[in-house]
>>> print(open('data_35.cif').read())   # mmCIF, C-alpha atoms
data_run
#
loop_
_atom_site.label_atom_id
_atom_site.label_comp_id
_atom_site.auth_asym_id
_atom_site.auth_seq_id
_atom_site.Cartn_x
_atom_site.Cartn_y
_atom_site.Cartn_z
CA MET A 207 0.00 0.00 0.00
CA HIS A 208 2.82 2.32 1.03
CA ASN A 209 4.66 1.62 -2.23
CA SER A 210 1.55 2.29 -4.33
CA MET A 211 1.04 5.60 -2.51
CA ASN A 212 4.66 6.51 -3.15
CA GLY A 213 4.19 5.57 -6.81
CA ALA A 214 1.08 7.76 -7.07
CA HIS A 215 2.99 10.62 -5.44
CA VAL A 216 5.84 10.27 -7.94
CA VAL A 217 3.43 10.19 -10.86
CA ARG A 218 1.64 13.27 -9.50
CA ARG A 219 4.96 15.13 -9.10
CA MET A 220 5.98 14.17 -12.63
CA THR A 221 2.64 15.33 -13.98
CA GLN A 222 2.96 18.65 -12.16
CA SER A 223 6.51 19.11 -13.46
CA LEU A 224 5.36 18.32 -16.98
CA CYS A 225 2.52 20.83 -16.70
CA VAL A 226 4.91 23.53 -15.44
CA ALA A 227 7.34 22.75 -18.28
CA LEU A 228 4.54 22.98 -20.82
CA LEU A 229 3.35 26.29 -19.35
CA LEU A 230 6.88 27.68 -19.48
CA MET A 231 7.30 26.51 -23.07
CA THR A 232 3.96 28.03 -24.04
CA GLY A 233 4.88 31.28 -22.30
CA ALA A 234 8.24 31.39 -24.08
CA GLN A 235 6.54 30.72 -27.40
CA ASP A 236 4.04 33.49 -26.68
CA LEU A 237 6.84 35.91 -25.80
CA SER A 238 8.76 34.89 -28.90
CA ALA A 239 5.67 35.40 -31.03
CA GLN A 240 5.04 38.79 -29.43
CA LYS A 241 8.65 39.79 -30.03
CA ALA A 242 8.41 38.73 -33.68
CA GLU A 243 5.08 40.51 -34.02
CA HIS A 244 6.41 43.77 -32.54
CA ARG A 245 9.76 43.85 -34.32
CA ILE A 246 10.16 46.38 -37.10
CA ARG A 247 9.75 44.68 -40.47
CA ASN A 248 11.19 47.27 -42.87
CA ILE A 249 14.93 47.63 -43.41
CA VAL A 250 16.50 50.25 -45.71
CA LEU A 251 20.17 49.73 -46.64
CA VAL A 252 22.43 52.58 -47.81
CA HIS A 253 25.88 51.98 -49.35
CA GLY A 254 28.96 54.15 -48.95
CA ALA A 255 31.40 55.95 -51.24
CA TRP A 256 33.13 54.06 -54.05
CA ALA A 257 30.54 51.26 -53.87
CA ASP A 258 26.96 50.48 -54.87
CA GLY A 259 24.03 48.59 -53.43
CA SER A 260 25.11 45.17 -54.72
CA GLY A 261 27.53 44.78 -51.81
CA TRP A 262 24.53 44.31 -49.51
CA LYS A 263 23.48 41.06 -51.26
CA GLY A 264 24.67 38.73 -48.48
CA VAL A 265 22.99 40.81 -45.75
CA TYR A 266 19.87 41.17 -47.90
CA ASP A 267 19.55 37.39 -48.38
CA ILE A 268 19.70 36.74 -44.61
CA LEU A 269 17.20 39.47 -43.73
CA VAL A 270 14.72 38.39 -46.41
CA LYS A 271 14.97 34.76 -45.28
CA ASP A 272 14.19 35.96 -41.75
CA GLY A 273 11.01 37.70 -42.91
CA TYR A 274 12.07 41.32 -43.34
CA ASN A 275 11.05 43.70 -46.11
CA VAL A 276 14.38 45.03 -47.40
CA SER A 277 15.02 48.00 -49.69
CA ILE A 278 18.42 49.05 -51.04
CA VAL A 279 19.14 52.68 -51.89
CA GLN A 280 21.30 53.35 -54.95
CA GLU A 281 22.81 56.76 -54.26
CA PRO A 282 24.14 58.61 -57.30
CA GLU A 283 27.03 60.09 -55.26
CA THR A 284 26.80 63.20 -57.45
CA SER A 285 26.07 65.39 -54.43
CA PHE A 286 25.27 64.91 -50.75
CA LYS A 287 21.87 66.51 -51.36
CA ASP A 288 21.15 63.97 -54.13
CA ASP A 289 22.15 61.06 -51.89
CA VAL A 290 19.94 62.25 -49.03
CA ALA A 291 17.06 62.71 -51.49
CA ALA A 292 17.56 59.17 -52.87
CA THR A 293 17.42 57.81 -49.33
CA LYS A 294 14.29 59.77 -48.44
CA ARG A 295 12.69 58.55 -51.66
CA ALA A 296 13.18 54.96 -50.47
CA LEU A 297 11.86 55.83 -47.00
CA ALA A 298 8.70 57.27 -48.53
CA LEU A 299 7.97 53.87 -50.11
CA GLN A 300 7.93 52.04 -46.77
CA ASP A 301 4.58 50.87 -45.36
CA GLY A 302 5.55 51.46 -41.74
CA PRO A 303 8.47 52.22 -39.41
CA CYS A 304 11.90 51.12 -40.56
CA ILE A 305 15.50 50.59 -39.53
CA LEU A 306 17.86 52.73 -41.61
CA VAL A 307 21.28 51.16 -42.14
CA ALA A 308 24.43 52.59 -43.70
CA HIS A 309 28.03 51.77 -44.53
CA SER A 310 30.93 54.26 -44.60
CA TYR A 311 30.03 57.65 -46.17
CA GLY A 312 26.42 56.44 -46.10
CA GLY A 313 26.56 57.06 -42.35
CA ALA A 314 26.61 60.81 -43.00
CA VAL A 315 23.73 60.36 -45.44
CA ILE A 316 21.51 58.52 -42.92
CA THR A 317 22.49 60.95 -40.16
CA GLU A 318 20.86 63.67 -42.30
CA ALA A 319 18.02 61.60 -43.82
CA GLY A 320 17.27 59.66 -40.62
CA THR A 321 15.24 62.47 -39.06
CA ASP A 322 12.43 61.24 -41.35
CA PRO A 323 9.44 60.11 -39.23
CA ALA A 324 9.53 56.63 -40.81
CA VAL A 325 12.90 55.89 -39.19
CA ALA A 326 12.74 54.16 -35.80
CA GLY A 327 16.42 53.31 -35.44
CA LEU A 328 19.79 53.72 -37.14
CA VAL A 329 22.54 51.16 -37.77
CA TYR A 330 26.05 52.33 -38.67
CA VAL A 331 28.31 49.68 -40.24
CA ALA A 332 31.96 50.84 -40.35
CA ALA A 333 30.41 54.23 -40.96
CA HIS A 334 30.81 57.93 -40.28
CA MET A 335 28.48 59.48 -37.70
CA PRO A 336 28.88 63.26 -37.80
CA ASP A 337 27.05 65.52 -35.37
CA THR A 338 25.00 68.58 -36.24
CA GLY A 339 27.33 71.19 -37.75
CA GLU A 340 30.05 68.61 -38.50
CA ASN A 341 31.24 66.88 -41.67
CA GLU A 342 32.96 63.53 -42.05
CA ALA A 343 36.17 64.97 -43.55
CA ASP A 344 36.86 66.97 -40.38
CA ASP A 345 35.78 64.10 -38.12
CA ALA A 346 38.24 61.78 -39.89
CA THR A 347 41.16 63.96 -38.76
CA ARG A 348 40.49 62.91 -35.14
CA PHE A 349 41.76 59.41 -35.94
CA PRO A 350 43.16 59.36 -39.48
CA GLY A 351 42.67 56.17 -41.52
CA ASP A 352 45.33 54.39 -43.56
CA LEU A 353 43.61 55.09 -46.89
CA GLY A 354 43.64 58.85 -46.37
CA LYS A 355 47.39 58.76 -45.71
CA SER A 356 48.16 56.42 -48.61
CA GLY A 357 47.70 58.53 -51.71
CA ALA A 358 45.39 55.83 -53.13
CA ILE A 359 42.43 58.23 -53.36
CA LYS A 360 42.47 59.74 -56.84
CA LYS A 361 40.48 62.63 -58.29
CA THR A 362 39.06 63.25 -61.75
CA PRO A 363 39.36 66.67 -63.48
CA ASP A 364 35.66 67.34 -62.76
CA GLY A 365 35.96 66.77 -59.00
CA PHE A 366 35.02 63.12 -58.43
CA THR A 367 37.06 60.77 -56.24
CA TYR A 368 37.85 57.07 -56.56
CA VAL A 369 40.20 54.52 -55.03
CA ASP A 370 43.09 53.41 -57.24
CA PRO A 371 41.90 50.00 -58.50
CA GLN A 372 45.39 48.55 -57.94
CA GLN A 373 45.21 49.46 -54.23
CA PHE A 374 41.48 48.89 -53.66
CA HIS A 375 41.93 45.33 -52.36
CA GLN A 376 44.46 46.13 -49.64
CA TYR A 377 42.73 49.24 -48.30
CA PHE A 378 39.02 48.66 -48.86
CA ALA A 379 38.46 44.91 -48.95
CA ALA A 380 41.44 42.97 -47.60
CA ASP A 381 39.28 40.11 -46.30
CA LEU A 382 37.64 39.44 -49.69
CA SER A 383 39.10 37.37 -52.52
CA SER A 384 41.24 39.22 -55.05
CA GLU A 385 38.59 38.46 -57.70
CA GLN A 386 35.74 39.95 -55.67
CA ALA A 387 37.80 42.98 -54.68
CA ALA A 388 38.79 43.53 -58.32
CA PHE A 389 35.13 43.52 -59.38
CA MET A 390 34.25 46.02 -56.63
CA ALA A 391 37.20 48.21 -57.65
CA ARG A 392 36.15 48.21 -61.31
CA SER A 393 32.47 48.83 -60.52
CA GLN A 394 33.02 51.49 -57.85
CA VAL A 395 30.80 54.57 -58.02
CA LEU A 396 32.88 57.72 -58.16
CA ASN A 397 31.99 60.07 -55.32
CA ALA A 398 31.91 63.85 -55.62
CA ALA A 399 34.77 65.20 -53.49
CA ASP A 400 32.53 67.84 -51.91
CA ASN A 401 30.31 65.09 -50.44
CA PHE A 402 32.87 64.40 -47.72
CA LYS A 403 32.60 67.99 -46.55
CA ALA A 404 28.79 68.17 -46.46
CA VAL A 405 27.69 69.65 -43.14
CA ILE A 406 24.95 67.88 -41.16
CA THR A 407 21.97 70.11 -40.37
CA THR A 408 20.31 67.86 -37.77
CA ALA A 409 21.94 64.63 -36.56
CA ALA A 410 19.27 61.90 -36.44
CA TRP A 411 21.20 59.81 -33.88
CA ARG A 412 20.71 62.59 -31.33
CA SER A 413 17.00 61.74 -31.13
CA LYS A 414 16.87 58.08 -32.25
CA PRO A 415 18.50 54.87 -30.98
CA SER A 416 21.60 53.75 -32.84
CA TRP A 417 23.68 50.63 -33.29
CA VAL A 418 27.31 50.56 -34.45
CA ALA A 419 29.42 47.80 -36.00
CA VAL A 420 33.14 48.49 -35.65
CA ALA A 421 35.28 46.79 -38.30
CA GLY A 422 38.36 45.76 -36.36
CA ALA A 423 40.81 45.87 -39.29
CA ASP A 424 39.27 48.83 -41.16
CA ARG A 425 41.87 50.76 -43.18
CA VAL A 426 39.46 53.34 -44.63
CA ILE A 427 37.84 54.62 -41.42
CA ASN A 428 40.06 54.17 -38.38
CA PRO A 429 38.39 51.68 -35.98
CA ASP A 430 39.20 54.09 -33.14
CA LEU A 431 37.05 56.73 -34.85
CA GLU A 432 34.20 54.20 -35.19
CA ARG A 433 34.52 53.46 -31.45
CA TRP A 434 34.61 57.18 -30.64
CA TYR A 435 31.45 57.77 -32.67
CA ALA A 436 29.68 54.93 -30.84
CA THR A 437 30.70 56.24 -27.42
CA ARG A 438 29.59 59.78 -28.21
CA ALA A 439 26.20 58.65 -29.52
CA LYS A 440 25.76 56.10 -26.69
CA SER A 441 25.17 53.51 -29.40
CA HIS A 442 24.79 49.76 -28.92
CA LYS A 443 28.19 48.62 -30.22
CA VAL A 444 29.61 45.38 -31.56
CA GLU A 445 33.17 44.80 -32.75
CA ILE A 446 33.80 42.49 -35.67
CA LEU A 447 37.41 41.45 -35.23
CA GLY A 448 39.61 41.18 -38.30
CA ALA A 449 37.00 42.70 -40.59
CA SER A 450 38.02 45.09 -43.36
CA HIS A 451 36.11 48.21 -44.38
CA ALA A 452 34.07 45.89 -46.63
CA VAL A 453 32.68 44.18 -43.50
CA TYR A 454 29.11 44.38 -44.85
CA VAL A 455 30.25 42.14 -47.74
CA SER A 456 32.69 39.86 -45.91
CA ARG A 457 30.75 39.31 -42.67
CA PRO A 458 27.05 39.40 -43.60
CA LYS A 459 25.92 37.17 -40.69
CA GLU A 460 27.30 39.49 -38.02
CA VAL A 461 26.00 42.59 -39.78
CA ALA A 462 22.53 41.09 -40.33
CA ALA A 463 22.41 40.02 -36.66
CA LEU A 464 23.05 43.60 -35.53
CA ILE A 465 20.33 44.92 -37.87
CA GLU A 466 17.87 42.33 -36.51
CA GLU A 467 18.78 43.36 -32.97
CA ALA A 468 17.93 46.95 -33.87
CA ALA A 469 14.64 45.83 -35.44
CA ALA A 470 13.72 43.97 -32.25
CA HIS A 471 14.56 46.78 -29.82
CA ALA A 472 13.84 50.08 -31.59
CA HIS A 473 10.51 51.60 -30.57
CA GLN A 474 7.89 51.83 -33.30
#
>>> encode(input="data_35.cif", output="structure tokens")
Amino acid sequence: MHNSMNGAHVVRRMTQSLCVALLLMTGAQDLSAQKAEHRIRNIVLVHGAWADGSGWKGVYDILVKDGYNVSIVQEPETSFKDDVAATKRALALQDGPCILVAHSYGGAVITEAGTDPAVAGLVYVAAHMPDTGENEADDATRFPGDLGKSGAIKKTPDGFTYVDPQQFHQYFAADLSSEQAAFMARSQVLNAADNFKAVITTAAWRSKPSWVAVAGADRVINPDLERWYATRAKSHKVEILGASHAVYVSRPKEVAALIEEAAAHAHQ
């Protein structure tokens, strides 16, 4: 009799434990579903100087697979005003709040364009982050990058800049294959020299949450400048060790993960 009572007690305890486990699992699933339901669905990606939107392909593929609506801005790089307008054009096509993401010079573009009401959060990937009244050229003098000191930046007679294709691999994309770097070098979009000196009128990161990816082996923007930007803006920061300036191409998983973190935590 005693043994049967003990057996019933054990069964009852097991049943209770199972019920608790099921409740916890259900609760976790509910929370997960709520989190997925409340995350921001729209992502707008902005490239930097001497590049185009195709470099975002790896990040794009991950985000789309994870259920996001992703748009890629193709800036003309003919003037800062044109690039901001191209970004705002893409923002106007969104059906709700979005996360605005940029690489390199694109960071200045989203700092200006990101005051748009559609933008809930900003992600800077190895990017400039000027404040109101600043420009990226002056900011870069705080912690000079290797590219700026190299002489590899060339200029056309009509005032457009480009990176010497023979030196593009080592400075811009050292962690990509020579073939991929060569294609990027030969397809680079020439950037108007004046764009680097465009002054920010209102810095969006002053009023909106921001996330920063520091490329640990960046030779275009000094990683110390990227860290300084993140500290000043009180950004959520991740460091991607060993990554070149082309981190958005070479390390799409880490970059996509940071964008998804922003989408989950920015307020709609």
>>> closest_atom_pairs(input="data_35.cif", of="region 401-468 of chain A", to="region 242-260 of chain A", cutoff="9 Å", atoms="all atoms listed in the file", output="CSV")
residue,atom,partner,partner_atom,distance
A:Ile465,CA,A:Ile249,CA,8.2
A:Glu466,CA,A:Arg245,CA,8.5
A:Ala468,CA,A:Ile246,CA,8.4
>>> residues_around(input="data_35.cif", residues="Ala423 (chain A)", least_positions_apart="2", cutoff="9 Å", atoms="all atoms listed in the file", output="NGL selection string")
:A and (380 or 420-421 or 425 or 428-429 or 446-451)
>>> write_last_selection(input="data_35.cif", atoms="C-alpha atoms", output="mmCIF file, in the frame of the given file")
data_model
loop_
_atom_site.group_PDB
_atom_site.id
_atom_site.type_symbol
_atom_site.label_atom_id
_atom_site.label_comp_id
_atom_site.auth_asym_id
_atom_site.auth_seq_id
_atom_site.Cartn_x
_atom_site.Cartn_y
_atom_site.Cartn_z
ATOM 1 C CA ALA A 380 41.440 42.970 -47.600
ATOM 2 C CA VAL A 420 33.140 48.490 -35.650
ATOM 3 C CA ALA A 421 35.280 46.790 -38.300
ATOM 4 C CA ARG A 425 41.870 50.760 -43.180
ATOM 5 C CA ASN A 428 40.060 54.170 -38.380
ATOM 6 C CA PRO A 429 38.390 51.680 -35.980
ATOM 7 C CA ILE A 446 33.800 42.490 -35.670
ATOM 8 C CA LEU A 447 37.410 41.450 -35.230
ATOM 9 C CA GLY A 448 39.610 41.180 -38.300
ATOM 10 C CA ALA A 449 37.000 42.700 -40.590
ATOM 11 C CA SER A 450 38.020 45.090 -43.360
ATOM 12 C CA HIS A 451 36.110 48.210 -44.380
#
>>> residues_near_point(input="data_35.cif", point="(33.3, 65.3, -57.4)", cutoff="10 Å", atoms="all atoms listed in the file", output="number ranges by chain")
A: 283-285, 361-368, 396-402
>>> closest_residue(input="data_35.cif", among="A:Val325, A:Val426, A:Ala291, A:Ile406", to="Gly351 (chain A)", atoms="only C-alpha atoms")
A:Val426
>>> closest_residue(input="data_35.cif", among="A:Tyr454, A:Trp434, A:Phe378, A:Trp417", to="Leu306 (chain A)", atoms="all atoms listed in the file")
A:Trp417
>>> closest_residue(input="data_35.cif", among="A:Ala469, A:Val461, A:Ala419, A:Val329", to="Asp267 (chain A)", atoms="only C-alpha atoms")
A:Val461
>>> residues_around(input="data_35.cif", residues="region 337-341 of chain A", least_positions_apart="4", cutoff="6 Å", atoms="all atoms listed in the file", output="short mmCIF file (atom, residue, chain, number, x, y, z; two decimals) with C-alpha atoms, in the frame of the given file")
data_model
loop_
_atom_site.label_atom_id
_atom_site.label_comp_id
_atom_site.auth_asym_id
_atom_site.auth_seq_id
_atom_site.Cartn_x
_atom_site.Cartn_y
_atom_site.Cartn_z
CA LYS A 403 32.60 67.99 -46.55
CA ALA A 404 28.79 68.17 -46.46
CA VAL A 405 27.69 69.65 -43.14
CA ILE A 406 24.95 67.88 -41.16
CA THR A 407 21.97 70.11 -40.37
CA THR A 408 20.31 67.86 -37.77
CA ALA A 409 21.94 64.63 -36.56
#
>>> atom_distance(input="data_35.cif", atom1="CA of Thr321 (chain A)", atom2="CA of Asp430 (chain A)")
26.1 Å
>>> closest_residue(input="data_35.cif", among="A:Asp288, A:Asp424, A:Leu269, A:Ile305", to="Val453 (chain A)", atoms="all atoms listed in the file")
A:Asp424
>>> residues_near_point(input="data_35.cif", point="(19.8, 52.1, -57.0)", cutoff="9 Å", atoms="all atoms listed in the file", output="ChimeraX atom specification")
/A:258-259,278-282,292
>>> closest_residue(input="data_35.cif", among="A:Gly422, A:Gly327, A:Gly261, A:Pro371", to="Glu467 (chain A)", atoms="all atoms listed in the file")
A:Gly327
>>> atom_distance(input="data_35.cif", atom1="CA of Glu432 (chain A)", atom2="CA of Ala462 (chain A)")
18.3 Å
>>> closest_residue(input="data_35.cif", among="A:Arg348, A:Lys263, A:Arg433, A:Lys294", to="Lys459 (chain A)", atoms="all atoms listed in the file")
A:Lys263
>>> residues_around(input="data_35.cif", residues="Val369 (chain A)", least_positions_apart="6", cutoff="8 Å", atoms="all atoms listed in the file", output="number ranges by chain")
A: 256, 358-360, 391
>>> residues_around(input="data_35.cif", residues="Ser310 (chain A)", least_positions_apart="3", cutoff="6 Å", atoms="all atoms listed in the file", output="list in words")
Gly254, Gly313, Ala332, Ala333 and His334 of chain A
>>> resolve_selection(input="data_35.cif", expression="the PyMOL selection byres ((chain A and resi 319) around 8)", output="VMD selection string")
chain A and resid 290 to 291 293 to 294 315 to 318 320 to 322 410
>>> atom_distance(input="data_35.cif", atom1="CA of Asp345 (chain A)", atom2="CA of Arg438 (chain A)")
12.5 Å
